[in-house]
Each structure stands twice: as C-alpha cells, then as structure tokens.
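Shown below: data.txt, with compact mmCIF, C-alpha atoms.
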```txt
# COMPACT_ATOMS: atom_id res chain seq x y z
CA MET A 1076 14.20 -17.50 9.96
CA GLU A 1077 11.08 -15.44 10.52
CA LYS A 1078 8.46 -15.57 7.82
CA SER A 1079 7.91 -12.33 5.95
CA ALA A 1080 5.20 -11.02 3.64
CA LEU A 1081 5.36 -8.22 1.09
CA VAL A 1082 2.38 -5.92 1.71
CA LEU A 1083 1.68 -3.34 -1.00
CA VAL A 1084 -0.91 -0.68 -0.28
CA ASP A 1085 -3.00 1.37 -2.74
CA PHE A 1086 -1.10 0.97 -5.99
CA ILE A 1087 -4.41 1.55 -7.77
CA ASN A 1088 -5.12 3.57 -10.91
CA GLU A 1089 -7.08 6.31 -9.14
CA ILE A 1090 -4.02 7.15 -7.02
CA VAL A 1091 -0.89 6.29 -9.04
CA ASP A 1092 -1.99 6.69 -12.67
CA GLU A 1093 -1.81 10.12 -14.33
CA LYS A 1094 -5.43 9.65 -15.49
CA GLY A 1095 -6.66 8.88 -11.98
CA LYS A 1096 -8.94 11.35 -10.21
CA LEU A 1097 -6.35 11.82 -7.45
CA ALA A 1098 -3.49 12.59 -9.87
CA GLY A 1099 -3.82 16.27 -9.02
CA LYS A 1100 -2.75 15.53 -5.45
CA GLY A 1101 0.78 14.76 -6.69
CA TYR A 1102 0.93 11.01 -6.03
CA ALA A 1103 1.11 9.94 -9.69
CA ALA A 1104 3.85 12.50 -10.44
CA PHE A 1105 5.89 11.36 -7.42
CA VAL A 1106 5.52 7.71 -8.39
CA LYS A 1107 6.60 8.47 -11.96
CA LYS A 1108 9.51 10.70 -10.93
CA HIS A 1109 10.94 8.02 -8.63
CA ASP A 1110 10.09 5.08 -10.95
CA ILE A 1111 8.27 3.40 -8.08
CA LEU A 1112 6.01 1.13 -10.16
CA THR A 1113 9.05 -0.50 -11.82
CA LYS A 1114 10.63 -1.02 -8.39
CA VAL A 1115 7.38 -2.50 -7.04
CA GLN A 1116 7.19 -4.95 -9.95
CA THR A 1117 10.81 -5.98 -9.37
CA ALA A 1118 10.09 -6.55 -5.66
CA VAL A 1119 6.99 -8.61 -6.51
CA GLU A 1120 9.03 -10.77 -8.89
CA ARG A 1121 11.76 -11.26 -6.27
CA ALA A 1122 9.14 -12.16 -3.66
CA HIS A 1123 7.71 -14.78 -6.01
CA VAL A 1124 11.17 -16.29 -6.62
CA ASN A 1125 11.86 -16.41 -2.88
CA ARG A 1126 8.37 -17.71 -1.99
CA VAL A 1127 7.51 -14.62 0.05
CA PRO A 1128 3.73 -14.11 0.12
CA VAL A 1129 2.56 -10.96 -1.66
CA ILE A 1130 -0.53 -9.15 -0.39
CA PHE A 1131 -2.05 -6.22 -2.24
CA VAL A 1132 -4.35 -3.97 -0.21
CA ASN A 1133 -6.54 -1.64 -2.28
CA VAL A 1134 -8.89 1.06 -1.10
CA SER A 1135 -12.37 1.22 -2.62
CA PHE A 1136 -15.96 2.02 -1.79
CA ARG A 1137 -19.11 0.20 -2.81
CA PRO A 1138 -20.84 1.56 -5.93
CA ASP A 1139 -23.57 3.09 -3.72
CA TYR A 1140 -20.93 4.46 -1.28
CA SER A 1141 -22.74 2.85 1.66
CA ASP A 1142 -19.34 2.09 3.27
CA TRP A 1143 -17.86 5.54 2.62
CA PRO A 1144 -16.92 7.83 5.55
CA GLU A 1145 -18.84 10.95 4.56
CA ASP A 1146 -17.29 13.23 7.19
CA SER A 1147 -13.69 12.21 6.49
CA PRO A 1148 -11.43 15.11 5.44
CA LEU A 1149 -9.55 12.60 3.27
CA PHE A 1150 -12.39 10.61 1.69
CA GLY A 1151 -15.33 13.01 2.09
CA ALA A 1152 -15.39 14.19 -1.54
CA ALA A 1153 -15.07 10.69 -3.05
CA LYS A 1154 -18.82 10.28 -3.64
CA LYS A 1155 -19.21 13.74 -5.16
CA PHE A 1156 -16.49 12.99 -7.73
CA GLY A 1157 -17.32 9.30 -8.20
CA ALA A 1158 -13.82 8.41 -6.99
CA LEU A 1159 -12.46 5.14 -5.60
CA GLN A 1160 -15.52 3.17 -6.67
CA SER A 1161 -15.13 -0.60 -6.47
CA GLY A 1162 -15.49 -2.63 -9.64
CA THR A 1163 -14.09 0.15 -11.84
CA TRP A 1164 -10.75 0.91 -13.51
CA ALA A 1165 -10.08 3.38 -10.70
CA THR A 1166 -9.63 0.73 -8.02
CA GLU A 1167 -7.79 -1.85 -10.10
CA LEU A 1168 -4.10 -2.53 -9.52
CA HIS A 1169 -2.00 -0.40 -11.90
CA SER A 1170 -1.12 -2.31 -15.08
CA ALA A 1171 2.64 -1.84 -14.47
CA ILE A 1172 2.33 -4.33 -11.60
CA ASN A 1173 1.59 -7.96 -12.38
CA ARG A 1174 -0.34 -9.70 -9.64
CA GLY A 1175 0.56 -13.37 -9.48
CA GLU A 1176 -2.15 -16.01 -9.30
CA ASP A 1177 -1.09 -16.88 -5.74
CA ASP A 1178 -0.92 -13.28 -4.55
CA TYR A 1179 -3.60 -12.12 -2.15
CA LEU A 1180 -5.90 -9.13 -2.52
CA VAL A 1181 -7.45 -7.37 0.45
CA THR A 1182 -9.95 -4.54 0.05
CA LYS A 1183 -10.17 -1.70 2.55
CA ASN A 1184 -12.45 1.30 2.94
CA ARG A 1185 -10.39 3.30 5.41
CA VAL A 1186 -6.79 4.54 5.56
CA SER A 1187 -5.19 1.61 7.40
CA ALA A 1188 -4.85 -1.76 5.69
CA PHE A 1189 -5.96 -3.38 8.96
CA ARG A 1190 -9.18 -1.45 9.59
CA ASN A 1191 -12.21 -3.69 8.94
CA THR A 1192 -10.22 -6.04 6.68
CA ALA A 1193 -9.08 -9.65 6.67
CA LEU A 1194 -5.39 -8.67 6.53
CA GLU A 1195 -4.43 -9.66 10.07
CA ALA A 1196 -6.24 -13.00 9.80
CA LYS A 1197 -4.48 -13.75 6.50
CA LEU A 1198 -1.06 -12.87 7.96
CA LYS A 1199 -1.65 -15.12 10.97
CA GLU A 1200 -2.90 -17.93 8.73
CA LEU A 1201 0.34 -17.65 6.73
CA GLY A 1202 2.48 -17.55 9.88
CA VAL A 1203 3.92 -14.16 8.99
CA GLU A 1204 5.92 -12.30 11.62
CA THR A 1205 7.58 -9.55 9.56
CA LEU A 1206 5.84 -7.19 7.15
CA LEU A 1207 7.74 -5.64 4.26
CA ILE A 1208 5.56 -2.64 3.44
CA GLY A 1209 5.36 -0.30 0.47
CA GLY A 1210 2.53 1.93 -0.67
CA VAL A 1211 1.00 5.28 -1.39
CA ALA A 1212 0.86 7.57 0.40
CA THR A 1213 3.77 7.27 2.79
CA ASP A 1214 2.18 9.78 5.18
CA LEU A 1215 -1.32 8.29 4.99
CA ALA A 1216 -1.98 4.62 4.18
CA VAL A 1217 1.58 3.48 4.81
CA GLN A 1218 1.85 5.37 8.08
CA SER A 1219 -1.51 4.11 9.39
CA THR A 1220 -0.78 0.54 8.33
CA VAL A 1221 2.70 0.53 9.84
CA ARG A 1222 1.49 1.87 13.18
CA ASP A 1223 -1.36 -0.67 13.26
CA ALA A 1224 1.05 -3.49 12.36
CA HIS A 1225 3.41 -2.42 15.13
CA ASP A 1226 0.58 -2.42 17.67
CA ARG A 1227 -0.40 -5.91 16.53
CA ASP A 1228 3.14 -7.07 17.37
CA PHE A 1229 4.41 -7.55 13.82
CA LYS A 1230 7.96 -6.57 12.97
CA VAL A 1231 7.80 -3.95 10.24
CA VAL A 1232 10.24 -2.99 7.51
CA ILE A 1233 9.21 -0.01 5.39
CA LEU A 1234 10.56 -0.27 1.86
CA LYS A 1235 11.11 3.43 1.28
CA ASP A 1236 11.82 3.01 -2.44
CA LEU A 1237 8.37 1.39 -2.80
CA CYS A 1238 6.57 4.28 -1.10
CA GLY A 1239 5.22 7.49 -2.56
CA ALA A 1240 3.61 10.67 -1.32
CA ALA A 1241 2.32 13.95 -2.69
CA ASN A 1242 5.83 15.39 -2.44
CA ASP A 1243 9.33 14.62 -1.13
CA GLU A 1244 8.78 16.57 2.08
CA ASP A 1245 5.69 14.55 3.09
CA HIS A 1246 7.50 11.31 2.19
CA GLU A 1247 10.67 12.07 4.18
CA SER A 1248 8.78 13.49 7.15
CA ALA A 1249 6.63 10.36 7.43
CA LEU A 1250 9.66 8.07 7.19
CA LYS A 1251 11.40 10.02 9.94
CA LEU A 1252 8.41 9.59 12.26
CA LEU A 1253 7.93 5.94 11.35
CA SER A 1254 11.56 5.10 12.09
CA LYS A 1255 10.46 5.08 15.76
CA VAL A 1256 8.25 2.01 15.20
CA ALA A 1257 9.74 0.35 12.10
CA THR A 1258 12.96 -0.34 10.24
CA ILE A 1259 13.45 1.78 7.11
CA SER A 1260 15.19 0.13 4.16
CA ASN A 1261 15.34 -0.09 0.38
CA SER A 1262 13.81 -3.17 -1.21
CA SER A 1263 17.18 -4.15 -2.72
CA GLU A 1264 18.71 -4.26 0.76
CA VAL A 1265 16.13 -6.69 2.18
CA GLU A 1266 17.34 -10.27 2.13
CA GLU A 1267 13.90 -11.71 1.22
CA LEU A 1268 13.79 -9.56 -1.94
CA ARG A 1269 17.39 -9.97 -3.15
```
This structure in structure tokens:
Amino acid sequence: MEKSALVLVDFINEIVDEKGKLAGKGYAAFVKKHDILTKVQTAVERAHVNRVPVIFVNVSFRPDYSDWPEDSPLFGAAKKFGALQSGTWATELHSAINRGEDDYLVTKNRVSAFRNTALEAKLKELGVETLLIGGVATDLAVQSTVRDAHDRDFKVVILKDLCGAANDEDHESALKLLSKVATISNSSEVEELR
C-alpha cells in the first residue's frame, strides 16, 4: 500500500477565525457554515489512529516583512495592515484543531505549500507517495499546492470537505478544474482516514 500524508494548508487564525484580519474575505464564514474545522480535527484524529503523517503548512511573513511579496495582488496589503505576521496569534493554527506532538509544521511565504519550503524534502524523507490535501482557500493555496504536487509526481487526493473558499462558487469552480490533476473525495471516504 502506498504511503499517504495528510497535508493541511492555512488553517490559521488570520484566515479561518472570525476575528482574523482576512475574515472579511469570506473564508471564516465559509469554514463556519460548512463546519470545516470540526471535520479537519476528526481527520487529524483518524490520521493519528492510522499512523498517517500529518503536516500543517501555514503562511506567514517575518515581523519586518523582509520575505513579503510587495507587488503581489494577494499579499501586497499584508504589511500595511500588519497581517499574517509570524510569531503572532494571526499565524497560529486555529484552536479548534489540535496539533499532535508528532505532527509536522511547515511555514510558507507564498501561495503554494511547496514554494521555498521544506515540504517536498519532508514528504520524501517520510516515503510519502500520496497527498491527502485540505486547506483554505480551495482556489488559492489548495489549487497551487495540488498543481505543484502533481508536477512533482505525487498522487493527490483533495479532501473537498476539508477545503474552504470565499464562497461556494469559488470552491466548486476550483474543484472542477483540479479534478483534471487530482482525485476529489470526502475525508470520510478515504481509507486512510476511516
């Protein structure tokens, strides 16, 4: 059986908590409406029981923003608003999700979980061939990560019930496009998380 890893992207306070600076974008409301944090926690617990490695990938920028992409349409205003700053509540994993002591944490400063991170090296070290991916936003971080994973020859399963976007249309549209490079499933349907 191929070895899988559960990769969870950007379940940080700034993005998925109603008090986060990006709450106005709709991500926190979507996550709440679809009870995604509860489903993520259940998947993490199942992964632990089944000895599936869990890797959290969180976006953040240095306190001085020296690693921040100033001209990015997505991240360009982060410095102005003091958003996504490392070492703060904003970039911590949401409290509804319990990170196990053996779970891995990877920090990124771009959209994809692979860009300038140790994610690929960690996956290879663990012997992982299949990525079970959830995250926010489906049409941004998840999409970029899935496409990068595909091009690095990983098999990818997107856990659609563990993904969130600004709205249902963005979520569904991204999943439709990603079905060309990945399998789309619910976490409860994936053998490793049953």
Using all atoms listed in the file, the shortest atom-to-atom distance to Ser1260 (chain A) among A:Val1119, A:Ile1233, A:Ala1158, A:Leu1168 belongs to A:Ile1233
Quick one: contact table of region 1174-1237 of chain A to region 1081-1098 of chain A, 12 Å max, nearest atom pair and distance in Å to one decimal per residue, counting all atoms listed in the file, chain and number order, as JSON lines?
```
{"residue": "A:Arg1174", "atom": "CA", "partner": "A:Leu1083", "partner_atom": "CA", "distance": 10.9}
{"residue": "A:Asp1178", "atom": "CA", "partner": "A:Leu1081", "partner_atom": "CA", "distance": 9.8}
{"residue": "A:Tyr1179", "atom": "CA", "partner": "A:Val1082", "partner_atom": "CA", "distance": 9.4}
{"residue": "A:Leu1180", "atom": "CA", "partner": "A:Leu1083", "partner_atom": "CA", "distance": 9.7}
{"residue": "A:Val1181", "atom": "CA", "partner": "A:Val1084", "partner_atom": "CA", "distance": 9.4}
{"residue": "A:Thr1182", "atom": "CA", "partner": "A:Asp1085", "partner_atom": "CA", "distance": 9.5}
{"residue": "A:Lys1183", "atom": "CA", "partner": "A:Asp1085", "partner_atom": "CA", "distance": 9.4}
{"residue": "A:Asn1184", "atom": "CA", "partner": "A:Asp1085", "partner_atom": "CA", "distance": 11.0}
{"residue": "A:Arg1185", "atom": "CA", "partner": "A:Asp1085", "partner_atom": "CA", "distance": 11.2}
{"residue": "A:Val1186", "atom": "CA", "partner": "A:Asp1085", "partner_atom": "CA", "distance": 9.7}
{"residue": "A:Ser1187", "atom": "CA", "partner": "A:Val1084", "partner_atom": "CA", "distance": 9.1}
{"residue": "A:Ala1188", "atom": "CA", "partner": "A:Val1084", "partner_atom": "CA", "distance": 7.2}
{"residue": "A:Phe1189", "atom": "CA", "partner": "A:Val1084", "partner_atom": "CA", "distance": 10.9}
{"residue": "A:Leu1194", "atom": "CA", "partner": "A:Val1082", "partner_atom": "CA", "distance": 9.5}
{"residue": "A:Glu1195", "atom": "CA", "partner": "A:Val1082", "partner_atom": "CA", "distance": 11.4}
{"residue": "A:Lys1197", "atom": "CA", "partner": "A:Val1082", "partner_atom": "CA", "distance": 11.5}
{"residue": "A:Leu1198", "atom": "CA", "partner": "A:Val1082", "partner_atom": "CA", "distance": 10.0}
{"residue": "A:Val1203", "atom": "CA", "partner": "A:Leu1081", "partner_atom": "CA", "distance": 10.0}
{"residue": "A:Glu1204", "atom": "CA", "partner": "A:Leu1081", "partner_atom": "CA", "distance": 11.3}
{"residue": "A:Thr1205", "atom": "CA", "partner": "A:Leu1081", "partner_atom": "CA", "distance": 8.9}
{"residue": "A:Leu1206", "atom": "CA", "partner": "A:Leu1081", "partner_atom": "CA", "distance": 6.2}
{"residue": "A:Leu1207", "atom": "CA", "partner": "A:Leu1081", "partner_atom": "CA", "distance": 4.7}
{"residue": "A:Ile1208", "atom": "CA", "partner": "A:Val1082", "partner_atom": "CA", "distance": 4.9}
{"residue": "A:Gly1209", "atom": "CA", "partner": "A:Leu1083", "partner_atom": "CA", "distance": 5.0}
{"residue": "A:Gly1210", "atom": "CA", "partner": "A:Val1084", "partner_atom": "CA", "distance": 4.3}
{"residue": "A:Val1211", "atom": "CA", "partner": "A:Asp1085", "partner_atom": "CA", "distance": 5.8}
{"residue": "A:Ala1212", "atom": "CA", "partner": "A:Asp1085", "partner_atom": "CA", "distance": 7.9}
{"residue": "A:Thr1213", "atom": "CA", "partner": "A:Val1084", "partner_atom": "CA", "distance": 9.7}
{"residue": "A:Leu1215", "atom": "CA", "partner": "A:Val1084", "partner_atom": "CA", "distance": 10.4}
{"residue": "A:Ala1216", "atom": "CA", "partner": "A:Val1084", "partner_atom": "CA", "distance": 7.0}
{"residue": "A:Val1217", "atom": "CA", "partner": "A:Val1084", "partner_atom": "CA", "distance": 7.0}
{"residue": "A:Gln1218", "atom": "CA", "partner": "A:Val1084", "partner_atom": "CA", "distance": 10.7}
{"residue": "A:Ser1219", "atom": "CA", "partner": "A:Val1084", "partner_atom": "CA", "distance": 10.8}
{"residue": "A:Thr1220", "atom": "CA", "partner": "A:Val1084", "partner_atom": "CA", "distance": 8.7}
{"residue": "A:Val1221", "atom": "CA", "partner": "A:Val1082", "partner_atom": "CA", "distance": 10.4}
{"residue": "A:Ala1224", "atom": "CA", "partner": "A:Val1082", "partner_atom": "CA", "distance": 11.0}
{"residue": "A:Val1231", "atom": "CA", "partner": "A:Val1082", "partner_atom": "CA", "distance": 10.3}
{"residue": "A:Val1232", "atom": "CA", "partner": "A:Leu1081", "partner_atom": "CA", "distance": 9.6}
{"residue": "A:Ile1233", "atom": "CA", "partner": "A:Val1082", "partner_atom": "CA", "distance": 9.8}
{"residue": "A:Leu1234", "atom": "CA", "partner": "A:Leu1081", "partner_atom": "CA", "distance": 9.5}
{"residue": "A:Lys1235", "atom": "CA", "partner": "A:Leu1083", "partner_atom": "CA", "distance": 11.8}
{"residue": "A:Leu1237", "atom": "CA", "partner": "A:Leu1083", "partner_atom": "CA", "distance": 8.4}
```
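Interatomic distance, CA of Asn1191 (chain A) against CA of Asp1142 (chain A): 10.8 Å.
For the pair CA of Asn1261 (chain A) and CA of Trp1164 (chain A), the separation is 29.6 Å.
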Check your understanding: With all atoms listed in the file as the basis for distance, which of A:Pro1138, A:Asp1214, A:Glu1264, A:Leu1201 is at the shortest distance from Glu1244 (chain A)?
Key ->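 Under the stated criterion, the closest residue is A:Asp1214.
In this comparison, which uses all atoms listed in the file, the residue of A:Ser1147, A:Phe1229, A:Arg1269, A:Val1106 approaching Val1256 (chain A) most closely is A:Phe1229.
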What separates CA of Glu1247 (chain A) and CA of Ile1259 (chain A) is a distance of 11.1 Å
Set the distance at 10 Å and use all atoms listed in the file: which residues neighbour Ser1161 (chain A) once local chain neighbours fewer than 5 positions away are removed? I'd like the list as a list in words.
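That gives Asn1133, Val1134, Ser1135, Phe1136, Arg1137, Pro1138, Asp1139, Tyr1140, Thr1166, Glu1167, Thr1182 and Asn1184 of chain A.
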